[in-house]
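J.: Structure supplied as entry30.cif; contents: mmCIF, N, CA and C atoms.
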```
data_coords
loop_
_atom_site.group_PDB
_atom_site.id
_atom_site.type_symbol
_atom_site.label_atom_id
_atom_site.label_comp_id
_atom_site.auth_asym_id
_atom_site.auth_seq_id
_atom_site.Cartn_x
_atom_site.Cartn_y
_atom_site.Cartn_z
ATOM 1 N N MET A 1 -6.420 13.800 -12.142
ATOM 2 C CA MET A 1 -7.535 13.146 -11.503
ATOM 3 C C MET A 1 -7.105 11.748 -11.051
ATOM 4 N N THR A 2 -7.479 11.384 -9.855
ATOM 5 C CA THR A 2 -7.139 10.086 -9.300
ATOM 6 C C THR A 2 -8.256 9.097 -9.618
ATOM 7 N N THR A 3 -7.875 7.902 -10.017
ATOM 8 C CA THR A 3 -8.872 6.869 -10.270
ATOM 9 C C THR A 3 -8.511 5.616 -9.494
ATOM 10 N N VAL A 4 -9.510 4.837 -9.186
ATOM 11 C CA VAL A 4 -9.314 3.548 -8.539
ATOM 12 C C VAL A 4 -9.799 2.493 -9.506
ATOM 13 N N GLU A 5 -8.965 1.524 -9.752
ATOM 14 C CA GLU A 5 -9.332 0.421 -10.629
ATOM 15 C C GLU A 5 -9.197 -0.874 -9.858
ATOM 16 N N ARG A 6 -10.264 -1.634 -9.826
ATOM 17 C CA ARG A 6 -10.204 -2.945 -9.198
ATOM 18 C C ARG A 6 -9.840 -3.961 -10.268
ATOM 19 N N SER A 7 -9.056 -4.932 -9.868
ATOM 20 C CA SER A 7 -8.619 -5.944 -10.829
ATOM 21 C C SER A 7 -8.458 -7.281 -10.126
ATOM 22 N N GLU A 8 -8.844 -8.320 -10.809
ATOM 23 C CA GLU A 8 -8.606 -9.673 -10.305
ATOM 24 C C GLU A 8 -7.176 -10.109 -10.614
ATOM 25 N N GLN A 9 -6.512 -9.382 -11.526
ATOM 26 C CA GLN A 9 -5.170 -9.748 -11.972
ATOM 27 C C GLN A 9 -4.192 -8.634 -11.632
ATOM 28 N N LEU A 10 -3.470 -8.782 -10.533
ATOM 29 C CA LEU A 10 -2.460 -7.807 -10.156
ATOM 30 C C LEU A 10 -1.104 -8.257 -10.671
ATOM 31 N N PRO A 11 -0.198 -7.300 -10.875
ATOM 32 C CA PRO A 11 1.153 -7.713 -11.265
ATOM 33 C C PRO A 11 1.795 -8.488 -10.119
ATOM 34 N N PRO A 12 2.832 -9.257 -10.391
ATOM 35 C CA PRO A 12 3.515 -9.964 -9.303
ATOM 36 C C PRO A 12 4.270 -8.990 -8.416
ATOM 37 N N CYS A 13 4.540 -9.405 -7.202
ATOM 38 C CA CYS A 13 5.317 -8.605 -6.257
ATOM 39 C C CYS A 13 6.703 -8.351 -6.856
ATOM 40 N N SER A 14 7.140 -7.106 -6.787
ATOM 41 C CA SER A 14 8.456 -6.762 -7.346
ATOM 42 C C SER A 14 9.592 -7.301 -6.488
ATOM 43 N N ARG A 15 9.286 -7.709 -5.246
ATOM 44 C CA ARG A 15 10.334 -8.211 -4.349
ATOM 45 C C ARG A 15 10.489 -9.722 -4.423
ATOM 46 N N CYS A 16 9.364 -10.460 -4.468
ATOM 47 C CA CYS A 16 9.453 -11.928 -4.424
ATOM 48 C C CYS A 16 8.782 -12.613 -5.609
ATOM 49 N N GLN A 17 8.142 -11.837 -6.473
ATOM 50 C CA GLN A 17 7.394 -12.348 -7.623
ATOM 51 C C GLN A 17 6.151 -13.140 -7.212
ATOM 52 N N GLY A 18 5.796 -13.062 -5.934
ATOM 53 C CA GLY A 18 4.602 -13.739 -5.436
ATOM 54 C C GLY A 18 3.350 -12.929 -5.715
ATOM 55 N N ARG A 19 2.255 -13.396 -5.144
ATOM 56 C CA ARG A 19 0.949 -12.782 -5.372
ATOM 57 C C ARG A 19 0.721 -11.616 -4.402
ATOM 58 N N LEU A 20 0.352 -10.458 -4.955
ATOM 59 C CA LEU A 20 0.063 -9.278 -4.150
ATOM 60 C C LEU A 20 -1.370 -9.316 -3.640
ATOM 61 N N MET A 21 -1.577 -8.702 -2.491
ATOM 62 C CA MET A 21 -2.931 -8.513 -1.989
ATOM 63 C C MET A 21 -3.494 -7.202 -2.530
ATOM 64 N N MET A 22 -2.598 -6.207 -2.669
ATOM 65 C CA MET A 22 -3.026 -4.892 -3.123
ATOM 66 C C MET A 22 -1.842 -4.206 -3.791
ATOM 67 N N SER A 23 -2.146 -3.378 -4.774
ATOM 68 C CA SER A 23 -1.112 -2.641 -5.478
ATOM 69 C C SER A 23 -1.693 -1.302 -5.924
ATOM 70 N N ALA A 24 -0.873 -0.269 -5.843
ATOM 71 C CA ALA A 24 -1.290 1.057 -6.304
ATOM 72 C C ALA A 24 -0.161 1.659 -7.122
ATOM 73 N N ALA A 25 -0.513 2.333 -8.186
ATOM 74 C CA ALA A 25 0.482 3.008 -9.014
ATOM 75 C C ALA A 25 0.584 4.456 -8.569
ATOM 76 N N ALA A 26 1.783 4.905 -8.302
ATOM 77 C CA ALA A 26 2.019 6.292 -7.916
ATOM 78 C C ALA A 26 1.915 7.180 -9.155
ATOM 79 N N PRO A 27 1.629 8.464 -8.965
ATOM 80 C CA PRO A 27 1.462 9.354 -10.116
ATOM 81 C C PRO A 27 2.771 9.765 -10.792
ATOM 82 N N GLN A 28 3.910 9.304 -10.260
ATOM 83 C CA GLN A 28 5.201 9.634 -10.866
ATOM 84 C C GLN A 28 5.958 8.362 -11.196
ATOM 85 N N LYS A 29 6.993 8.507 -11.999
ATOM 86 C CA LYS A 29 7.824 7.368 -12.379
ATOM 87 C C LYS A 29 9.147 7.421 -11.624
ATOM 88 N N ASP A 30 9.826 6.277 -11.553
ATOM 89 C CA ASP A 30 11.116 6.229 -10.866
ATOM 90 C C ASP A 30 12.223 6.794 -11.772
ATOM 91 N N GLN A 31 13.460 6.725 -11.304
ATOM 92 C CA GLN A 31 14.582 7.287 -12.058
ATOM 93 C C GLN A 31 14.822 6.581 -13.381
ATOM 94 N N HIS A 32 14.251 5.402 -13.565
ATOM 95 C CA HIS A 32 14.397 4.656 -14.823
ATOM 96 C C HIS A 32 13.185 4.823 -15.731
ATOM 97 N N GLY A 33 12.244 5.685 -15.331
ATOM 98 C CA GLY A 33 11.055 5.917 -16.144
ATOM 99 C C GLY A 33 9.965 4.870 -15.962
ATOM 100 N N GLN A 34 10.112 4.014 -14.955
ATOM 101 C CA GLN A 34 9.121 2.965 -14.696
ATOM 102 C C GLN A 34 8.109 3.447 -13.660
ATOM 103 N N PRO A 35 6.856 2.991 -13.777
ATOM 104 C CA PRO A 35 5.868 3.378 -12.768
ATOM 105 C C PRO A 35 6.279 2.879 -11.387
ATOM 106 N N ILE A 36 6.085 3.710 -10.390
ATOM 107 C CA ILE A 36 6.345 3.313 -9.008
ATOM 108 C C ILE A 36 5.068 2.693 -8.464
ATOM 109 N N ARG A 37 5.199 1.494 -7.905
ATOM 110 C CA ARG A 37 4.037 0.783 -7.376
ATOM 111 C C ARG A 37 4.174 0.641 -5.868
ATOM 112 N N LEU A 38 3.085 0.916 -5.182
ATOM 113 C CA LEU A 38 3.005 0.661 -3.754
ATOM 114 C C LEU A 38 2.370 -0.717 -3.630
ATOM 115 N N GLU A 39 3.058 -1.649 -2.989
ATOM 116 C CA GLU A 39 2.626 -3.043 -2.986
ATOM 117 C C GLU A 39 2.404 -3.565 -1.570
ATOM 118 N N LEU A 40 1.346 -4.351 -1.418
ATOM 119 C CA LEU A 40 1.076 -5.057 -0.167
ATOM 120 C C LEU A 40 1.165 -6.544 -0.485
ATOM 121 N N CYS A 41 2.237 -7.180 0.016
ATOM 122 C CA CYS A 41 2.511 -8.583 -0.287
ATOM 123 C C CYS A 41 2.474 -9.411 0.998
ATOM 124 N N PRO A 42 1.587 -10.385 1.089
ATOM 125 C CA PRO A 42 1.540 -11.219 2.289
ATOM 126 C C PRO A 42 2.866 -11.916 2.586
ATOM 127 N N SER A 43 3.588 -12.335 1.564
ATOM 128 C CA SER A 43 4.861 -13.037 1.782
ATOM 129 C C SER A 43 5.953 -12.102 2.282
ATOM 130 N N CYS A 44 6.047 -10.924 1.701
ATOM 131 C CA CYS A 44 7.129 -9.996 2.053
ATOM 132 C C CYS A 44 6.816 -9.133 3.267
ATOM 133 N N ASP A 45 5.558 -8.806 3.483
ATOM 134 C CA ASP A 45 5.210 -7.818 4.504
ATOM 135 C C ASP A 45 4.739 -8.402 5.826
ATOM 136 N N THR A 46 4.389 -9.663 5.876
ATOM 137 C CA THR A 46 3.979 -10.268 7.138
ATOM 138 C C THR A 46 5.213 -10.454 8.012
ATOM 139 N N GLY A 47 5.207 -9.851 9.178
ATOM 140 C CA GLY A 47 6.328 -9.988 10.107
ATOM 141 C C GLY A 47 7.565 -9.193 9.724
ATOM 142 N N ASN A 48 7.470 -8.336 8.722
ATOM 143 C CA ASN A 48 8.613 -7.533 8.285
ATOM 144 C C ASN A 48 8.741 -6.342 9.234
ATOM 145 N N LEU A 49 9.785 -6.339 10.057
ATOM 146 C CA LEU A 49 9.958 -5.280 11.043
ATOM 147 C C LEU A 49 10.207 -3.915 10.405
ATOM 148 N N ASP A 50 10.643 -3.909 9.149
ATOM 149 C CA ASP A 50 10.859 -2.650 8.438
ATOM 150 C C ASP A 50 9.559 -2.091 7.865
ATOM 151 N N ARG A 51 8.491 -2.882 7.857
ATOM 152 C CA ARG A 51 7.203 -2.464 7.276
ATOM 153 C C ARG A 51 6.065 -2.759 8.255
ATOM 154 N N PRO A 52 6.067 -2.152 9.454
ATOM 155 C CA PRO A 52 5.045 -2.475 10.451
ATOM 156 C C PRO A 52 3.628 -2.110 10.021
ATOM 157 N N ALA A 53 3.441 -1.008 9.299
ATOM 158 C CA ALA A 53 2.096 -0.623 8.871
ATOM 159 C C ALA A 53 1.529 -1.649 7.884
ATOM 160 N N ALA A 54 2.380 -2.173 7.007
ATOM 161 C CA ALA A 54 1.940 -3.201 6.067
ATOM 162 C C ALA A 54 1.502 -4.455 6.821
ATOM 163 N N GLY A 55 2.270 -4.838 7.825
ATOM 164 C CA GLY A 55 1.910 -6.010 8.620
ATOM 165 C C GLY A 55 0.587 -5.840 9.343
ATOM 166 N N LEU A 56 0.359 -4.639 9.888
ATOM 167 C CA LEU A 56 -0.909 -4.388 10.575
ATOM 168 C C LEU A 56 -2.087 -4.403 9.606
ATOM 169 N N LEU A 57 -1.893 -3.882 8.403
ATOM 170 C CA LEU A 57 -2.964 -3.906 7.404
ATOM 171 C C LEU A 57 -3.256 -5.340 6.969
ATOM 172 N N LEU A 58 -2.222 -6.137 6.780
ATOM 173 C CA LEU A 58 -2.428 -7.552 6.433
ATOM 174 C C LEU A 58 -3.178 -8.279 7.553
ATOM 175 N N GLN A 59 -2.843 -7.991 8.804
ATOM 176 C CA GLN A 59 -3.536 -8.618 9.931
ATOM 177 C C GLN A 59 -4.998 -8.196 9.977
ATOM 178 N N PHE A 60 -5.275 -6.939 9.674
ATOM 179 C CA PHE A 60 -6.649 -6.431 9.609
ATOM 180 C C PHE A 60 -7.463 -7.251 8.608
ATOM 181 N N PHE A 61 -6.905 -7.466 7.425
ATOM 182 C CA PHE A 61 -7.612 -8.263 6.415
ATOM 183 C C PHE A 61 -7.747 -9.716 6.856
ATOM 184 N N ALA A 62 -6.709 -10.274 7.460
ATOM 185 C CA ALA A 62 -6.743 -11.671 7.916
ATOM 186 C C ALA A 62 -7.808 -11.869 8.999
ATOM 187 N N ASP A 63 -8.039 -10.833 9.797
ATOM 188 C CA ASP A 63 -9.044 -10.908 10.862
ATOM 189 C C ASP A 63 -10.457 -10.633 10.359
ATOM 190 N N GLY A 64 -10.628 -10.458 9.062
ATOM 191 C CA GLY A 64 -11.956 -10.218 8.492
ATOM 192 C C GLY A 64 -12.369 -8.762 8.484
ATOM 193 N N GLY A 65 -11.448 -7.862 8.801
ATOM 194 C CA GLY A 65 -11.775 -6.443 8.853
ATOM 195 C C GLY A 65 -12.251 -5.857 7.540
ATOM 196 N N GLY A 66 -11.832 -6.438 6.443
ATOM 197 C CA GLY A 66 -12.248 -5.939 5.138
ATOM 198 C C GLY A 66 -13.708 -6.184 4.822
ATOM 199 N N HIS A 67 -14.363 -6.997 5.630
ATOM 200 C CA HIS A 67 -15.786 -7.309 5.422
ATOM 201 C C HIS A 67 -16.654 -6.798 6.565
ATOM 202 N N ASP A 68 -16.111 -5.955 7.419
ATOM 203 C CA ASP A 68 -16.817 -5.480 8.607
ATOM 204 C C ASP A 68 -16.957 -3.964 8.541
ATOM 205 N N THR A 69 -18.146 -3.488 8.190
ATOM 206 C CA THR A 69 -18.359 -2.047 8.023
ATOM 207 C C THR A 69 -18.253 -1.274 9.335
ATOM 208 N N THR A 70 -18.302 -1.946 10.469
ATOM 209 C CA THR A 70 -18.143 -1.241 11.746
ATOM 210 C C THR A 70 -16.681 -0.878 11.999
ATOM 211 N N ARG A 71 -15.775 -1.386 11.157
ATOM 212 C CA ARG A 71 -14.338 -1.137 11.334
ATOM 213 C C ARG A 71 -13.786 -0.161 10.288
ATOM 214 N N LEU A 72 -14.661 0.668 9.704
ATOM 215 C CA LEU A 72 -14.221 1.581 8.652
ATOM 216 C C LEU A 72 -13.174 2.587 9.133
ATOM 217 N N ASP A 73 -13.338 3.126 10.331
ATOM 218 C CA ASP A 73 -12.342 4.083 10.830
ATOM 219 C C ASP A 73 -10.980 3.420 10.988
ATOM 220 N N GLU A 74 -10.984 2.190 11.481
ATOM 221 C CA GLU A 74 -9.735 1.438 11.609
ATOM 222 C C GLU A 74 -9.115 1.201 10.234
ATOM 223 N N ALA A 75 -9.948 0.838 9.261
ATOM 224 C CA ALA A 75 -9.461 0.596 7.900
ATOM 225 C C ALA A 75 -8.835 1.857 7.311
ATOM 226 N N LYS A 76 -9.501 2.993 7.486
ATOM 227 C CA LYS A 76 -8.971 4.258 6.958
ATOM 228 C C LYS A 76 -7.614 4.576 7.565
ATOM 229 N N HIS A 77 -7.507 4.405 8.870
ATOM 230 C CA HIS A 77 -6.241 4.686 9.545
ATOM 231 C C HIS A 77 -5.129 3.756 9.049
ATOM 232 N N LEU A 78 -5.420 2.462 8.963
ATOM 233 C CA LEU A 78 -4.410 1.489 8.522
ATOM 234 C C LEU A 78 -3.995 1.723 7.074
ATOM 235 N N MET A 79 -4.953 2.074 6.213
ATOM 236 C CA MET A 79 -4.634 2.342 4.803
ATOM 237 C C MET A 79 -3.744 3.577 4.677
ATOM 238 N N LEU A 80 -4.048 4.617 5.450
ATOM 239 C CA LEU A 80 -3.236 5.827 5.395
ATOM 240 C C LEU A 80 -1.812 5.553 5.882
ATOM 241 N N GLU A 81 -1.686 4.807 6.971
ATOM 242 C CA GLU A 81 -0.350 4.485 7.496
ATOM 243 C C GLU A 81 0.432 3.619 6.518
ATOM 244 N N TRP A 82 -0.234 2.650 5.875
ATOM 245 C CA TRP A 82 0.429 1.819 4.869
ATOM 246 C C TRP A 82 0.871 2.674 3.681
ATOM 247 N N THR A 83 0.010 3.596 3.250
ATOM 248 C CA THR A 83 0.357 4.462 2.122
ATOM 249 C C THR A 83 1.574 5.314 2.454
ATOM 250 N N LYS A 84 1.590 5.911 3.640
ATOM 251 C CA LYS A 84 2.735 6.738 4.046
ATOM 252 C C LYS A 84 4.005 5.892 4.131
ATOM 253 N N GLU A 85 3.896 4.701 4.697
ATOM 254 C CA GLU A 85 5.056 3.817 4.816
ATOM 255 C C GLU A 85 5.564 3.401 3.434
ATOM 256 N N SER A 86 4.660 3.056 2.537
ATOM 257 C CA SER A 86 5.041 2.631 1.186
ATOM 258 C C SER A 86 5.659 3.770 0.400
ATOM 259 N N MET A 87 5.135 4.977 0.571
ATOM 260 C CA MET A 87 5.710 6.136 -0.105
ATOM 261 C C MET A 87 7.120 6.410 0.403
ATOM 262 N N ALA A 88 7.332 6.277 1.703
ATOM 263 C CA ALA A 88 8.646 6.551 2.295
ATOM 264 C C ALA A 88 9.719 5.620 1.749
ATOM 265 N N VAL A 89 9.338 4.395 1.400
ATOM 266 C CA VAL A 89 10.294 3.453 0.804
ATOM 267 C C VAL A 89 10.891 4.042 -0.477
ATOM 268 N N HIS A 90 10.098 4.850 -1.173
ATOM 269 C CA HIS A 90 10.542 5.469 -2.430
ATOM 270 C C HIS A 90 11.037 6.905 -2.235
ATOM 271 N N GLY A 91 11.176 7.325 -0.961
ATOM 272 C CA GLY A 91 11.682 8.656 -0.676
ATOM 273 C C GLY A 91 10.636 9.750 -0.699
ATOM 274 N N TRP A 92 9.372 9.373 -0.694
ATOM 275 C CA TRP A 92 8.290 10.357 -0.685
ATOM 276 C C TRP A 92 7.700 10.439 0.707
ATOM 277 N N TYR A 93 7.208 11.629 1.040
ATOM 278 C CA TYR A 93 6.586 11.815 2.348
ATOM 279 C C TYR A 93 5.314 12.620 2.183
ATOM 280 N N LEU A 94 4.271 12.187 2.835
ATOM 281 C CA LEU A 94 2.974 12.848 2.772
ATOM 282 C C LEU A 94 3.031 14.110 3.628
ATOM 283 N N ALA A 95 2.635 15.229 3.045
ATOM 284 C CA ALA A 95 2.616 16.490 3.772
ATOM 285 C C ALA A 95 1.195 17.046 3.728
ATOM 286 N N ASP A 96 0.765 17.644 4.831
ATOM 287 C CA ASP A 96 -0.566 18.225 4.880
ATOM 288 C C ASP A 96 -0.689 19.423 3.933
ATOM 289 N N THR A 97 0.379 20.169 3.785
ATOM 290 C CA THR A 97 0.381 21.308 2.878
ATOM 291 C C THR A 97 1.632 21.244 2.012
ATOM 292 N N PRO A 98 1.536 21.702 0.783
ATOM 293 C CA PRO A 98 2.726 21.680 -0.082
ATOM 294 C C PRO A 98 3.831 22.565 0.502
ATOM 295 N N PRO A 99 5.083 22.184 0.297
ATOM 296 C CA PRO A 99 6.185 23.039 0.792
ATOM 297 C C PRO A 99 6.228 24.354 0.018
ATOM 298 N N ASP A 100 6.752 25.387 0.648
ATOM 299 C CA ASP A 100 6.865 26.714 -0.017
ATOM 300 C C ASP A 100 7.880 26.665 -1.125
#
```
Would you encode the structure as structure tokens?
T.:
Amino acid sequence: MTTVERSEQLPPCSRCQGRLMMSAAAPQKDQHGQPIRLELCPSCDTGNLDRPAAGLLLQFFADGGGHDTTRLDEAKHLMLEWTKESMAVHGWYLADTPPD
């Protein structure tokens, strides 16, 4: 079962130790047995050409999109693209159907 937990206290960014905007724990662990975290970091992801979906999601929040209910479809699309991009960093890919 998937759960969402909101927290005022997120772990630090694993890349720069700065403050994260958003973090999600993947349901599997890495090769060292540590939880895999999908992270959205304003310091690391703004302008990062290797993470364009993260940059677009950060811009959405900076433009006030997180407080505008008329932009829900845009938010859903940006969140899905960020999730797929973040998963790919760890070698995972979202598939519509499980492989045979």
J.: If you apply the PyMOL selection byres ((chain A and resi 10-25) around 6.5) to this file, what residues do you get, as number ranges by chain?
T.: A: 7-9, 26-28, 35-42
J.: How would you write, as a count of residues only, the set of residues in chain A that DSSP gives as strand (DSSP E or B)?
T.: 14
J.: Please, what is the axis-aligned box for every listed atom of range 15-23 of chain A with 5 Å on each side, as centre and edge lengths in Å to one decimal, as lines of an AutoDock Vina configuration file?
T.:
```
center_x = 3.5
center_y = -7.5
center_z = -4.8
size_x = 24.0
size_y = 22.4
size_z = 15.6
```
J.: Applied to this file, what does the PyMOL selection byres ((chain A and resi 44-58) around 7) return in terms of residues, put as an MDAnalysis selection string?
T.: chainID A and resid 16 40:43 59:63 78:79 81:82 85
J.: Mind writing the picked residues with N, CA and C atoms as a PDB file, in the frame of the given file?
T.:
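Written file, result_11.pdb:
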```
ATOM      1  N   CYS A  16       9.364 -10.460  -4.468  1.00  0.00           N
ATOM      2  CA  CYS A  16       9.453 -11.928  -4.424  1.00  0.00           C
ATOM      3  C   CYS A  16       8.782 -12.613  -5.609  1.00  0.00           C
ATOM      4  N   LEU A  40       1.346  -4.351  -1.418  1.00  0.00           N
ATOM      5  CA  LEU A  40       1.076  -5.057  -0.167  1.00  0.00           C
ATOM      6  C   LEU A  40       1.165  -6.544  -0.485  1.00  0.00           C
ATOM      7  N   CYS A  41       2.237  -7.180   0.016  1.00  0.00           N
ATOM      8  CA  CYS A  41       2.511  -8.583  -0.287  1.00  0.00           C
ATOM      9  C   CYS A  41       2.474  -9.411   0.998  1.00  0.00           C
ATOM     10  N   PRO A  42       1.587 -10.385   1.089  1.00  0.00           N
ATOM     11  CA  PRO A  42       1.540 -11.219   2.289  1.00  0.00           C
ATOM     12  C   PRO A  42       2.866 -11.916   2.586  1.00  0.00           C
ATOM     13  N   SER A  43       3.588 -12.335   1.564  1.00  0.00           N
ATOM     14  CA  SER A  43       4.861 -13.037   1.782  1.00  0.00           C
ATOM     15  C   SER A  43       5.953 -12.102   2.282  1.00  0.00           C
ATOM     16  N   GLN A  59      -2.843  -7.991   8.804  1.00  0.00           N
ATOM     17  CA  GLN A  59      -3.536  -8.618   9.931  1.00  0.00           C
ATOM     18  C   GLN A  59      -4.998  -8.196   9.977  1.00  0.00           C
ATOM     19  N   PHE A  60      -5.275  -6.939   9.674  1.00  0.00           N
ATOM     20  CA  PHE A  60      -6.649  -6.431   9.609  1.00  0.00           C
ATOM     21  C   PHE A  60      -7.463  -7.251   8.608  1.00  0.00           C
ATOM     22  N   PHE A  61      -6.905  -7.466   7.425  1.00  0.00           N
ATOM     23  CA  PHE A  61      -7.612  -8.263   6.415  1.00  0.00           C
ATOM     24  C   PHE A  61      -7.747  -9.716   6.856  1.00  0.00           C
ATOM     25  N   ALA A  62      -6.709 -10.274   7.460  1.00  0.00           N
ATOM     26  CA  ALA A  62      -6.743 -11.671   7.916  1.00  0.00           C
ATOM     27  C   ALA A  62      -7.808 -11.869   8.999  1.00  0.00           C
ATOM     28  N   ASP A  63      -8.039 -10.833   9.797  1.00  0.00           N
ATOM     29  CA  ASP A  63      -9.044 -10.908  10.862  1.00  0.00           C
ATOM     30  C   ASP A  63     -10.457 -10.633  10.359  1.00  0.00           C
ATOM     31  N   LEU A  78      -5.420   2.462   8.963  1.00  0.00           N
ATOM     32  CA  LEU A  78      -4.410   1.489   8.522  1.00  0.00           C
ATOM     33  C   LEU A  78      -3.995   1.723   7.074  1.00  0.00           C
ATOM     34  N   MET A  79      -4.953   2.074   6.213  1.00  0.00           N
ATOM     35  CA  MET A  79      -4.634   2.342   4.803  1.00  0.00           C
ATOM     36  C   MET A  79      -3.744   3.577   4.677  1.00  0.00           C
ATOM     37  N   GLU A  81      -1.686   4.807   6.971  1.00  0.00           N
ATOM     38  CA  GLU A  81      -0.350   4.485   7.496  1.00  0.00           C
ATOM     39  C   GLU A  81       0.432   3.619   6.518  1.00  0.00           C
ATOM     40  N   TRP A  82      -0.234   2.650   5.875  1.00  0.00           N
ATOM     41  CA  TRP A  82       0.429   1.819   4.869  1.00  0.00           C
ATOM     42  C   TRP A  82       0.871   2.674   3.681  1.00  0.00           C
ATOM     43  N   GLU A  85       3.896   4.701   4.697  1.00  0.00           N
ATOM     44  CA  GLU A  85       5.056   3.817   4.816  1.00  0.00           C
ATOM     45  C   GLU A  85       5.564   3.401   3.434  1.00  0.00           C
TER      46      GLU A  85
END
```
J.: Please indicate the distance in Å from atom N of Lys84 in chain A to atom N of Gly65 in chain A, rounded to one decimal place.
T.: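 These two atoms are separated by 19.7 Å.
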J.: At what distance in Å, to one decimal, does atom N of His90 in chain A lie from atom C of Gly64 in chain A?
T.: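 That distance, rounded to one decimal, is 28.0 Å.
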J.: Could you pull out the alpha helix (DSSP H) residues of chain A from DSSP and send them as a ChimeraX atom specification?
T.: /A:42-45,52-62,72-89
J.: Tell me, in Å to one decimal, how far CA of Ser86 in chain A is from CA of Asp73 in chain A.
T.: 19.9 Å
